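Structure file data_25.txt (compact mmCIF, C-alpha atoms and all ligand atoms) is printed below.
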```txt
# COMPACT_ATOMS: atom_id res chain seq x y z
CA MET L 1 35.72 -45.51 15.93
CA MET L 2 33.44 -47.44 18.21
CA ARG L 3 34.98 -50.51 19.75
CA LEU L 4 32.74 -53.44 20.08
CA ARG L 5 33.93 -56.40 22.05
CA LEU L 6 32.16 -59.64 21.48
CA LEU L 7 31.54 -62.41 23.89
CA LEU L 8 34.60 -64.57 24.07
CA VAL L 9 33.81 -68.19 23.64
CA SER L 10 36.34 -70.48 25.19
CA LEU L 11 38.58 -72.03 22.62
CA VAL L 12 39.39 -74.98 24.76
CA SER L 13 35.97 -76.14 25.95
CA VAL L 14 34.93 -79.73 25.34
CA PRO L 15 32.78 -80.06 22.23
CA LEU L 16 29.13 -80.57 23.15
CA PHE L 17 28.63 -83.56 20.94
CA ALA L 18 32.06 -85.15 21.10
CA GLN L 19 31.52 -88.84 20.69
CA SER L 20 32.73 -90.55 23.78
CA GLY L 21 34.86 -93.64 23.49
CA SER L 22 35.58 -94.59 19.91
CA ALA L 23 36.47 -91.95 17.33
CA PRO L 24 33.94 -91.43 14.52
CA THR L 25 34.74 -93.31 11.34
CA LEU L 26 32.63 -91.13 9.03
CA ALA L 27 33.53 -87.47 8.59
CA ALA L 28 36.13 -87.56 11.34
CA LYS L 29 37.40 -84.51 9.48
CA PRO L 30 35.25 -82.03 7.55
CA PRO L 31 34.34 -83.69 4.22
CA MET L 32 36.20 -82.40 1.16
CA GLY L 33 35.15 -82.70 -2.45
CA TRP L 34 33.16 -81.03 -5.17
CA ASN L 35 29.43 -80.51 -5.73
CA SER L 36 27.64 -79.86 -9.02
CA TRP L 37 25.10 -77.23 -7.91
CA ASN L 38 26.99 -73.93 -7.76
CA TRP L 39 28.25 -74.19 -11.32
CA PHE L 40 25.96 -76.58 -13.24
CA ALA L 41 22.71 -76.28 -11.25
CA GLY L 42 19.94 -78.09 -13.20
CA LYS L 43 22.12 -78.74 -16.25
CA VAL L 44 24.42 -81.33 -14.69
CA THR L 45 24.87 -84.61 -16.60
CA ASP L 46 26.66 -87.93 -16.20
CA LYS L 47 29.37 -86.60 -18.52
CA ASP L 48 29.94 -83.54 -16.30
CA ILE L 49 30.35 -85.75 -13.23
CA ARG L 50 32.85 -88.03 -15.00
CA GLN L 51 34.76 -84.99 -16.20
CA ALA L 52 34.73 -83.51 -12.70
CA ALA L 53 36.19 -86.75 -11.35
CA ASP L 54 38.91 -86.70 -14.04
CA LEU L 55 39.75 -83.08 -13.30
CA ILE L 56 39.84 -83.53 -9.52
CA VAL L 57 42.59 -86.06 -10.14
CA SER L 58 44.51 -84.21 -12.88
CA SER L 59 44.37 -80.82 -11.15
CA GLY L 60 45.98 -82.16 -7.98
CA MET L 61 42.82 -81.58 -5.94
CA LYS L 62 42.56 -85.25 -5.09
CA ASP L 63 46.10 -85.24 -3.74
CA ALA L 64 45.17 -82.19 -1.66
CA GLY L 65 42.31 -84.16 -0.05
CA TYR L 66 39.22 -83.54 -2.19
CA ASN L 67 37.57 -86.93 -2.58
CA TYR L 68 33.77 -86.64 -2.75
CA VAL L 69 32.17 -85.96 -6.12
CA ASN L 70 28.62 -84.94 -5.29
CA ILE L 71 25.69 -84.85 -7.67
CA ASP L 72 23.18 -82.28 -6.47
CA ASP L 73 19.54 -81.90 -7.51
CA THR L 74 18.11 -82.80 -10.97
CA TRP L 75 19.37 -86.37 -11.50
CA GLU L 76 16.00 -87.89 -10.52
CA GLY L 77 13.54 -89.49 -12.97
CA GLN L 78 10.19 -91.17 -12.25
CA ARG L 79 9.11 -94.04 -9.98
CA ASP L 80 7.93 -97.23 -11.60
CA ALA L 81 4.85 -99.27 -10.59
CA ASN L 82 6.83 -100.75 -7.68
CA GLY L 83 7.86 -97.33 -6.44
CA VAL L 84 11.46 -97.81 -7.53
CA LEU L 85 13.01 -94.50 -8.51
CA HIS L 86 14.79 -94.24 -11.85
CA THR L 87 17.29 -91.69 -13.01
CA ASN L 88 16.38 -89.23 -15.76
CA GLU L 89 17.95 -89.14 -19.23
CA LYS L 90 20.89 -87.01 -18.05
CA PHE L 91 22.09 -89.95 -15.93
CA PRO L 92 21.66 -93.14 -17.96
CA ASP L 93 23.41 -95.52 -15.55
CA MET L 94 24.12 -94.45 -11.98
CA LYS L 95 25.84 -97.70 -11.04
CA ALA L 96 28.25 -97.36 -13.95
CA LEU L 97 28.88 -93.74 -12.97
CA ALA L 98 29.61 -94.76 -9.37
CA ASP L 99 31.99 -97.45 -10.62
CA TYR L 100 33.78 -94.87 -12.75
CA VAL L 101 34.13 -92.39 -9.90
CA HIS L 102 35.33 -95.17 -7.57
CA SER L 103 37.86 -96.33 -10.17
CA LYS L 104 39.51 -92.90 -9.78
CA GLY L 105 39.86 -93.45 -6.04
CA LEU L 106 37.03 -90.99 -5.36
CA LYS L 107 33.60 -91.28 -3.74
CA LEU L 108 30.16 -90.44 -5.12
CA GLY L 109 27.51 -88.33 -3.42
CA ILE L 110 23.86 -87.86 -4.29
CA TYR L 111 20.95 -85.59 -3.35
CA SER L 112 17.34 -86.02 -2.29
CA SER L 113 14.57 -84.50 -0.16
CA PRO L 114 12.37 -85.82 2.64
CA GLY L 115 9.50 -84.18 0.72
CA PRO L 116 7.60 -85.52 -2.29
CA LYS L 117 9.52 -83.03 -4.45
CA THR L 118 13.03 -81.57 -4.37
CA CYS L 119 13.74 -77.86 -4.58
CA ALA L 120 14.03 -78.08 -8.35
CA GLY L 121 10.73 -79.99 -8.53
CA PHE L 122 12.16 -83.47 -9.06
CA GLU L 123 11.11 -86.66 -7.27
CA GLY L 124 11.85 -86.65 -3.50
CA SER L 125 12.05 -89.57 -1.08
CA TYR L 126 8.78 -88.95 0.84
CA GLN L 127 7.32 -92.34 1.84
CA HIS L 128 10.06 -94.11 -0.14
CA GLU L 129 12.92 -93.54 2.29
CA GLN L 130 14.07 -97.15 2.71
CA GLN L 131 13.55 -97.94 -0.95
CA ASP L 132 15.70 -94.98 -1.94
CA ALA L 133 18.41 -95.64 0.64
CA ASP L 134 18.60 -99.24 -0.60
CA LEU L 135 18.84 -97.98 -4.17
CA TYR L 136 21.70 -95.61 -3.29
CA ALA L 137 23.50 -98.44 -1.50
CA SER L 138 23.05 -100.74 -4.51
CA TRP L 139 24.63 -98.10 -6.74
CA GLY L 140 27.52 -97.59 -4.32
CA ILE L 141 26.65 -94.09 -3.12
CA ASP L 142 28.90 -92.74 -0.34
CA TYR L 143 27.23 -89.46 0.65
CA LEU L 144 23.67 -88.12 0.80
CA LYS L 145 22.64 -84.46 0.91
CA TYR L 146 19.04 -84.39 2.14
CA ASP L 147 17.30 -81.09 1.40
CA LEU L 148 14.10 -80.14 3.25
CA CYS L 149 12.37 -78.37 0.34
CA GLY L 150 9.16 -80.23 -0.58
CA PHE L 151 8.73 -81.44 3.00
CA ARG L 152 7.83 -77.90 4.04
CA LYS L 153 4.50 -78.37 2.27
CA ILE L 154 3.82 -81.54 4.26
CA MET L 155 4.66 -79.67 7.48
CA ASP L 156 2.27 -76.86 6.55
CA GLN L 157 -0.49 -79.28 5.64
CA GLU L 158 -0.21 -81.53 8.66
CA ALA L 159 0.57 -78.95 11.32
CA PRO L 160 -0.64 -75.55 10.11
CA ASN L 161 0.51 -72.76 12.44
CA ASP L 162 2.08 -75.22 14.88
CA LYS L 163 5.80 -74.44 14.83
CA ALA L 164 6.68 -76.92 17.57
CA LYS L 165 4.96 -79.78 15.77
CA GLN L 166 6.50 -78.75 12.46
CA ASN L 167 9.96 -78.77 14.02
CA GLN L 168 9.34 -82.24 15.43
CA MET L 169 8.15 -83.45 12.02
CA MET L 170 11.34 -82.09 10.49
CA ARG L 171 13.54 -83.93 12.99
CA ASP L 172 11.54 -87.13 12.51
CA ALA L 173 11.93 -86.89 8.74
CA TYR L 174 15.71 -86.56 9.06
CA GLU L 175 15.87 -89.38 11.59
CA LYS L 176 13.81 -91.60 9.30
CA MET L 177 16.32 -91.32 6.46
CA HIS L 178 19.17 -91.76 8.91
CA GLN L 179 17.68 -95.06 10.05
CA ALA L 180 17.11 -96.10 6.44
CA ILE L 181 20.77 -95.45 5.63
CA VAL L 182 21.94 -97.37 8.71
CA LYS L 183 19.76 -100.30 7.64
CA THR L 184 21.47 -100.51 4.25
CA GLY L 185 24.72 -101.33 6.04
CA ARG L 186 26.61 -99.00 3.68
CA PRO L 187 28.37 -96.04 5.30
CA MET L 188 27.14 -92.78 3.78
CA VAL L 189 28.05 -89.31 4.97
CA TYR L 190 24.72 -87.72 5.91
CA SER L 191 24.41 -84.03 5.05
CA LEU L 192 21.37 -82.07 6.27
CA CYS L 193 20.18 -79.13 4.23
CA GLN L 194 17.38 -77.20 5.93
CA TYR L 195 19.07 -73.80 6.04
CA GLY L 196 19.77 -73.80 9.80
CA TRP L 197 16.11 -73.89 10.86
CA ASP L 198 15.28 -74.66 14.49
CA SER L 199 18.97 -74.34 15.46
CA VAL L 200 19.81 -77.60 13.70
CA TRP L 201 23.33 -77.56 15.21
CA GLN L 202 21.71 -78.42 18.56
CA TRP L 203 20.04 -81.62 17.32
CA GLY L 204 21.79 -82.59 14.08
CA PRO L 205 24.00 -85.23 15.71
CA GLU L 206 20.93 -86.86 17.30
CA VAL L 207 19.46 -87.58 13.88
CA GLY L 208 22.74 -88.96 12.57
CA ALA L 209 23.91 -85.87 10.69
CA ASN L 210 27.59 -85.56 9.82
CA LEU L 211 27.05 -81.99 8.66
CA TRP L 212 24.21 -79.51 8.53
CA ARG L 213 23.76 -76.31 6.59
CA THR L 214 23.59 -73.33 8.91
CA THR L 215 22.16 -70.74 6.48
CA GLY L 216 20.36 -70.25 3.19
CA ASP L 217 22.22 -70.60 -0.09
CA ILE L 218 25.56 -69.02 -0.88
CA ASN L 219 26.16 -67.24 -4.19
CA PRO L 220 29.38 -66.11 -5.88
CA THR L 221 29.49 -62.60 -4.43
CA PHE L 222 31.82 -61.34 -1.73
CA GLU L 223 28.86 -59.87 0.18
CA ARG L 224 26.88 -63.12 0.43
CA MET L 225 29.98 -65.21 1.20
CA ALA L 226 31.10 -62.78 3.92
CA PHE L 227 27.60 -62.59 5.39
CA ILE L 228 27.41 -66.38 5.68
CA GLY L 229 30.93 -66.69 7.09
CA ARG L 230 30.31 -64.03 9.75
CA ALA L 231 26.98 -65.65 10.63
CA GLN L 232 28.90 -68.65 11.99
CA ALA L 233 29.98 -66.72 15.09
CA GLY L 234 28.84 -68.55 18.21
CA LEU L 235 28.51 -71.97 16.56
CA SER L 236 31.99 -73.32 17.29
CA LYS L 237 30.92 -75.49 20.20
CA TYR L 238 28.63 -77.54 17.96
CA ALA L 239 31.37 -78.75 15.62
CA ALA L 240 33.43 -81.83 16.41
CA PRO L 241 34.88 -84.85 14.63
CA GLY L 242 31.94 -86.64 13.02
CA HIS L 243 29.64 -83.61 12.78
CA TRP L 244 30.21 -80.18 11.34
CA ASN L 245 28.54 -76.85 10.78
CA ASP L 246 28.16 -76.35 7.02
CA PRO L 247 28.21 -72.73 5.79
CA ASP L 248 27.53 -74.07 2.26
CA MET L 249 29.71 -74.97 -0.68
CA LEU L 250 32.72 -72.99 -1.87
CA GLU L 251 32.33 -70.36 -4.57
CA VAL L 252 36.11 -70.07 -4.98
CA GLY L 253 36.66 -69.59 -8.71
CA ASN L 254 33.06 -68.59 -9.41
CA GLY L 255 31.64 -65.20 -10.26
CA LYS L 256 34.08 -62.33 -10.18
CA LEU L 257 35.79 -63.06 -6.86
CA SER L 258 39.30 -61.55 -6.81
CA LEU L 259 42.34 -63.38 -5.44
CA ASP L 260 41.98 -61.56 -2.10
CA GLU L 261 38.28 -62.44 -1.98
CA ASN L 262 38.90 -66.09 -2.83
CA ARG L 263 41.48 -66.20 -0.03
CA VAL L 264 39.06 -64.64 2.46
CA HIS L 265 36.50 -67.29 1.44
CA MET L 266 38.84 -70.28 1.58
CA GLY L 267 40.62 -69.04 4.72
CA MET L 268 37.38 -68.35 6.53
CA TRP L 269 35.96 -71.78 5.65
CA ALA L 270 39.20 -73.41 6.83
CA MET L 271 39.06 -71.49 10.11
CA LEU L 272 35.46 -72.67 10.50
CA ALA L 273 36.42 -76.35 10.10
CA SER L 274 33.86 -76.22 7.32
CA PRO L 275 33.28 -78.94 4.77
CA LEU L 276 35.31 -77.94 1.72
CA LEU L 277 33.10 -78.70 -1.26
CA ALA L 278 34.33 -76.81 -4.27
CA GLY L 279 31.50 -75.61 -6.50
CA ASN L 280 33.38 -74.23 -9.45
CA ASN L 281 33.80 -75.18 -13.10
CA LEU L 282 36.80 -77.49 -12.89
CA SER L 283 37.39 -77.36 -16.65
CA GLN L 284 38.23 -73.65 -16.29
CA LEU L 285 40.56 -73.91 -13.30
CA THR L 286 43.18 -71.17 -13.39
CA PRO L 287 46.55 -71.63 -11.64
CA GLU L 288 45.42 -68.93 -9.18
CA VAL L 289 42.19 -70.69 -8.24
CA THR L 290 43.91 -74.09 -8.07
CA ALA L 291 46.51 -72.59 -5.73
CA VAL L 292 43.80 -71.24 -3.42
CA LEU L 293 41.85 -74.50 -3.38
CA THR L 294 44.88 -76.74 -2.87
CA ASN L 295 46.96 -74.67 -0.43
CA ARG L 296 48.26 -77.40 1.88
CA GLU L 297 48.64 -75.23 4.96
CA VAL L 298 45.14 -73.81 4.68
CA ILE L 299 43.71 -77.29 4.20
CA ALA L 300 45.70 -78.51 7.21
CA ILE L 301 43.96 -75.88 9.34
CA ASP L 302 40.55 -76.96 8.05
CA GLN L 303 41.34 -80.64 8.51
CA ASP L 304 43.12 -80.32 11.84
CA PRO L 305 42.44 -83.51 13.83
CA LEU L 306 41.34 -81.60 16.94
CA GLY L 307 38.29 -80.53 14.93
CA LYS L 308 37.79 -77.24 16.82
CA GLN L 309 35.98 -74.62 14.78
CA ALA L 310 37.27 -71.05 15.08
CA GLU L 311 35.42 -68.44 17.09
CA ARG L 312 35.34 -64.70 16.54
CA ILE L 313 37.47 -63.09 19.23
CA TYR L 314 37.34 -59.49 18.12
CA VAL L 315 35.36 -57.22 15.85
CA GLU L 316 35.74 -53.57 15.08
CA GLY L 317 33.63 -52.41 12.20
CA PRO L 318 34.63 -54.41 9.14
CA ILE L 319 37.73 -55.89 10.83
CA GLU L 320 37.31 -59.26 12.50
CA ILE L 321 39.77 -61.58 14.22
CA TRP L 322 38.98 -65.29 14.48
CA ALA L 323 41.07 -67.97 16.18
CA ARG L 324 41.12 -71.71 16.69
CA PRO L 325 43.36 -74.12 18.57
CA LEU L 326 45.16 -76.83 16.59
CA ALA L 327 46.10 -80.35 17.59
CA ASP L 328 49.85 -79.66 17.90
CA GLY L 329 49.29 -76.85 20.40
CA SER L 330 49.63 -74.08 17.85
CA ARG L 331 46.85 -71.62 17.04
CA ALA L 332 45.38 -70.40 13.78
CA LEU L 333 44.52 -66.72 13.79
CA ALA L 334 42.83 -64.93 10.92
CA ILE L 335 42.26 -61.22 10.43
CA PHE L 336 39.65 -60.26 7.88
CA ASN L 337 38.89 -56.89 6.34
CA PHE L 338 35.31 -57.23 5.13
CA GLY L 339 35.18 -53.51 4.41
CA GLU L 340 35.59 -51.35 1.32
CA ASP L 341 38.64 -49.38 2.54
CA ASP L 342 42.30 -50.31 2.94
CA ASN L 343 44.52 -50.00 6.04
CA TYR L 344 41.99 -50.54 8.77
CA MET L 345 44.40 -52.33 11.06
CA ARG L 346 46.31 -49.41 12.57
CA GLY L 347 46.31 -49.59 16.33
CA ILE L 348 44.23 -52.72 16.60
CA SER L 349 45.60 -55.33 18.95
CA LEU L 350 45.79 -58.90 17.71
CA HIS L 351 44.18 -60.21 20.90
CA LEU L 352 46.75 -62.99 21.13
CA LYS L 353 45.68 -64.01 24.66
CA GLU L 354 42.10 -64.55 23.53
CA ALA L 355 43.52 -66.71 20.74
CA GLY L 356 45.32 -68.84 23.31
CA ALA L 357 48.71 -67.48 22.21
CA ASP L 358 51.01 -64.83 23.63
CA ASN L 359 53.55 -62.15 22.83
CA GLY L 360 56.68 -63.71 21.40
CA TRP L 361 55.00 -66.70 19.78
CA HIS L 362 56.33 -67.56 16.35
CA ALA L 363 54.11 -66.52 13.44
CA HIS L 364 53.91 -68.11 10.02
CA ASP L 365 51.97 -66.25 7.33
CA VAL L 366 50.05 -69.02 5.62
CA TRP L 367 49.07 -67.40 2.30
CA THR L 368 52.50 -65.91 1.63
CA ASP L 369 54.31 -68.90 3.19
CA LYS L 370 56.62 -66.56 5.10
CA ASP L 371 57.95 -66.84 8.63
CA LEU L 372 57.31 -63.56 10.41
CA GLY L 373 59.34 -64.38 13.52
CA PRO L 374 58.07 -63.48 16.99
CA ILE L 375 54.70 -61.77 17.01
CA MET L 376 53.45 -59.16 19.47
CA ASP L 377 49.94 -58.07 20.30
CA ASN L 378 50.66 -54.75 18.64
CA THR L 379 52.32 -56.14 15.50
CA ASN L 380 50.84 -54.12 12.68
CA PHE L 381 49.19 -55.48 9.57
CA THR L 382 47.87 -53.52 6.65
CA LEU L 383 44.84 -55.13 5.14
CA LYS L 384 43.56 -54.04 1.79
CA ARG L 385 39.85 -53.98 1.00
CA HIS L 386 38.37 -57.53 1.14
CA ALA L 387 41.74 -58.96 2.19
CA SER L 388 42.86 -61.19 5.04
CA VAL L 389 45.90 -62.41 6.93
CA LEU L 390 46.01 -66.03 8.00
CA LEU L 391 48.61 -66.92 10.63
CA ARG L 392 49.75 -70.11 12.26
CA LEU L 393 51.13 -69.26 15.70
CA SER L 394 53.34 -71.57 17.67
CA ARG L 395 55.14 -71.28 20.96
C1 LIG G 1 18.58 -75.73 -2.30
C2 LIG G 1 19.89 -76.04 -1.63
C3 LIG G 1 20.99 -75.89 -2.66
C4 LIG G 1 20.73 -76.84 -3.80
C5 LIG G 1 19.32 -76.62 -4.38
C6 LIG G 1 18.96 -77.68 -5.39
O1 LIG G 1 17.55 -75.86 -1.38
O2 LIG G 1 20.10 -75.19 -0.54
O3 LIG G 1 22.25 -76.14 -2.06
O4 LIG G 1 20.87 -78.16 -3.35
O5 LIG G 1 18.35 -76.64 -3.35
O6 LIG G 1 17.65 -77.58 -5.87
```

As structure tokens, please, write out the structure in this file.
Ligand code: GAL
Amino acid sequence: MMRLRLLLVSLVSVPLFAQSGSAPTLAAKPPMGWNSWNWFAGKVTDKDIRQAADLIVSSGMKDAGYNYVNIDDTWEGQRDANGVLHTNEKFPDMKALADYVHSKGLKLGIYSSPGPKTCAGFEGSYQHEQQDADLYASWGIDYLKYDLCGFRKIMDQEAPNDKAKQNQMMRDAYEKMHQAIVKTGRPMVYSLCQYGWDSVWQWGPEVGANLWRTTGDINPTFERMAFIGRAQAGLSKYAAPGHWNDPDMLEVGNGKLSLDENRVHMGMWAMLASPLLAGNNLSQLTPEVTAVLTNREVIAIDQDPLGKQAERIYVEGPIEIWARPLADGSRALAIFNFGEDDNYMRGISLHLKEAGADNGWHAHDVWTDKDLGPIMDNTNFTLKRHASVLLRLSR
């Protein structure tokens, strides 16, 4: 089998956009919560959001750290003669909804576009940025996902065939809404959604982004999830407290993902210091899915205060090893089998040195909650198809 060694990215380098001096107050850790799109898409209503808030509390997800309840596209109605945006009939009273969500100790997120229209064809914020930001603040909104969509048309119209100008327009549009939010005086997590165009991770922090999507949309298949997860290789240096790469919302519990597949998904996102925004139907939570979503040790890796995203340190065919340093000096190391066959691990070294660990370090198996004792580079693991091993290694 051909061995392919990938570029090793230092796991201890200083994050490019680390905020000097004071620590960030917003999104100091990757945001956690739930978003309506993956399950409800255009059907979401006020009632669904209230029920999601109730279920986040009763399921134990709130206690595990999930605190944003985010309404995605299709809440928007029409603008009145003064340009003030109204909600549509699915959301009769956004302020009352925000009050309800806040009464549960949770926060409310909303969605818009810098374009005249959103992806689903609803009203966007184009030329109404301040008016909309003020409206969100008056409702008590805590989080905005701002999705390029309809703005692409404006870019094409105003700068046809001029990629550089289009990219500048895109940055300006995101900066404009950032300034509008700042002017409201209300802290709102600012989430960019433009599918990773123009290497957004290089300039996201400059336009006030706390997170930015790095790819197109996820869907509830192992193939798409794995493709997006693996596409994050090389991006670790752009993540830091206050601003995160966003490989899109979780599909844990959606589609036909098996337990192993849900663990690969959740474990990979935790390794990536990714925002953890569940996207499942919370009224159909099974004990298995709840256990995956609320695993304290996995969440602790995701939320580690050092905020260092994992990097891929080894790949051989469908087997990949990723590692990240953690604040207490330990290391998280994950082995994934993205392939269709079992038992790929024979003879593959764990590359402990590249992970910043060494022979003899103590290994804890996170998903099985078992201490494995001292680990060696040649310790053998058997990984079934679409399975993973997630280890916490300490000296
Ligand atoms: C897409 C976005 C999705 C969802 C959808 C809503 O552009 O990537 O996450 O927000 O729009 O219309």

Taking only C-alpha atoms and all ligand atoms into account, which residues are within 7 Å of ligand LIG 1 (chain G), as a VMD selection string? chain L and resid 37 72 to 73 118 to 120 147 149 193 195 216 to 217

Nearest to Arg331 of chain L: which of L:Ala52, L:Val44, L:Ile301, L:Ala98 is it, counting all atoms listed in the file? L:Ile301

For segment 89-97 of chain L, I'd like the enclosing box, axis-aligned and padded by 8 Å on every side, reported as JSON with centre and edge lengths in Å to one decimal.
```
{"center_x": 23.4, "center_y": -92.4, "center_z": -15.1, "size_x": 26.9, "size_y": 26.7, "size_z": 24.2}
```

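Shell of Ala270 of chain L at 8 Å, with all atoms listed in the file counted and residues fewer than 6 places along the chain excluded, is Leu276, Val298, Ile299, Ile301, Asp302 and Gln303 of chain L.
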
I need the residues from that last selection saved to file as a PDB file, in the frame of the given file (with C-alpha atoms), if you can.
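Final output, saved to out04.pdb:
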```pdb
ATOM      1  CA  LEU L 276      35.310 -77.940   1.720  1.00  0.00           C
ATOM      2  CA  VAL L 298      45.140 -73.810   4.680  1.00  0.00           C
ATOM      3  CA  ILE L 299      43.710 -77.290   4.200  1.00  0.00           C
ATOM      4  CA  ILE L 301      43.960 -75.880   9.340  1.00  0.00           C
ATOM      5  CA  ASP L 302      40.550 -76.960   8.050  1.00  0.00           C
ATOM      6  CA  GLN L 303      41.340 -80.640   8.510  1.00  0.00           C
TER       7      GLN L 303
END
```

Residue with the minimum atom-to-atom distance to Gln51 of chain L, picked from L:His128, L:Pro92, L:Lys104, L:His362 with all atoms listed in the file counted, is L:Lys104

Segment 250-256 of chain L surroundings by all atoms listed in the file, 10 Å radius, close-in-sequence under 3 positions cut, as a PyMOL selection string: chain L and resi 34-35+38-39+218-222+225+247+259+261-266+269+274-282+284-286+288-290+292-293

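For the pair atom CA of Thr214 of chain L and atom CA of Asp248 of chain L, the separation is 7.8 Å.
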
Work out how far atom CA of Leu272 of chain L is from atom CA of Ile319 of chain L, in Å to one decimal. 16.9 Å

If I take atom CA of Trp361 of chain L and atom CA of Leu393 of chain L, how far is one from the other in Å, to one decimal? 6.2 Å
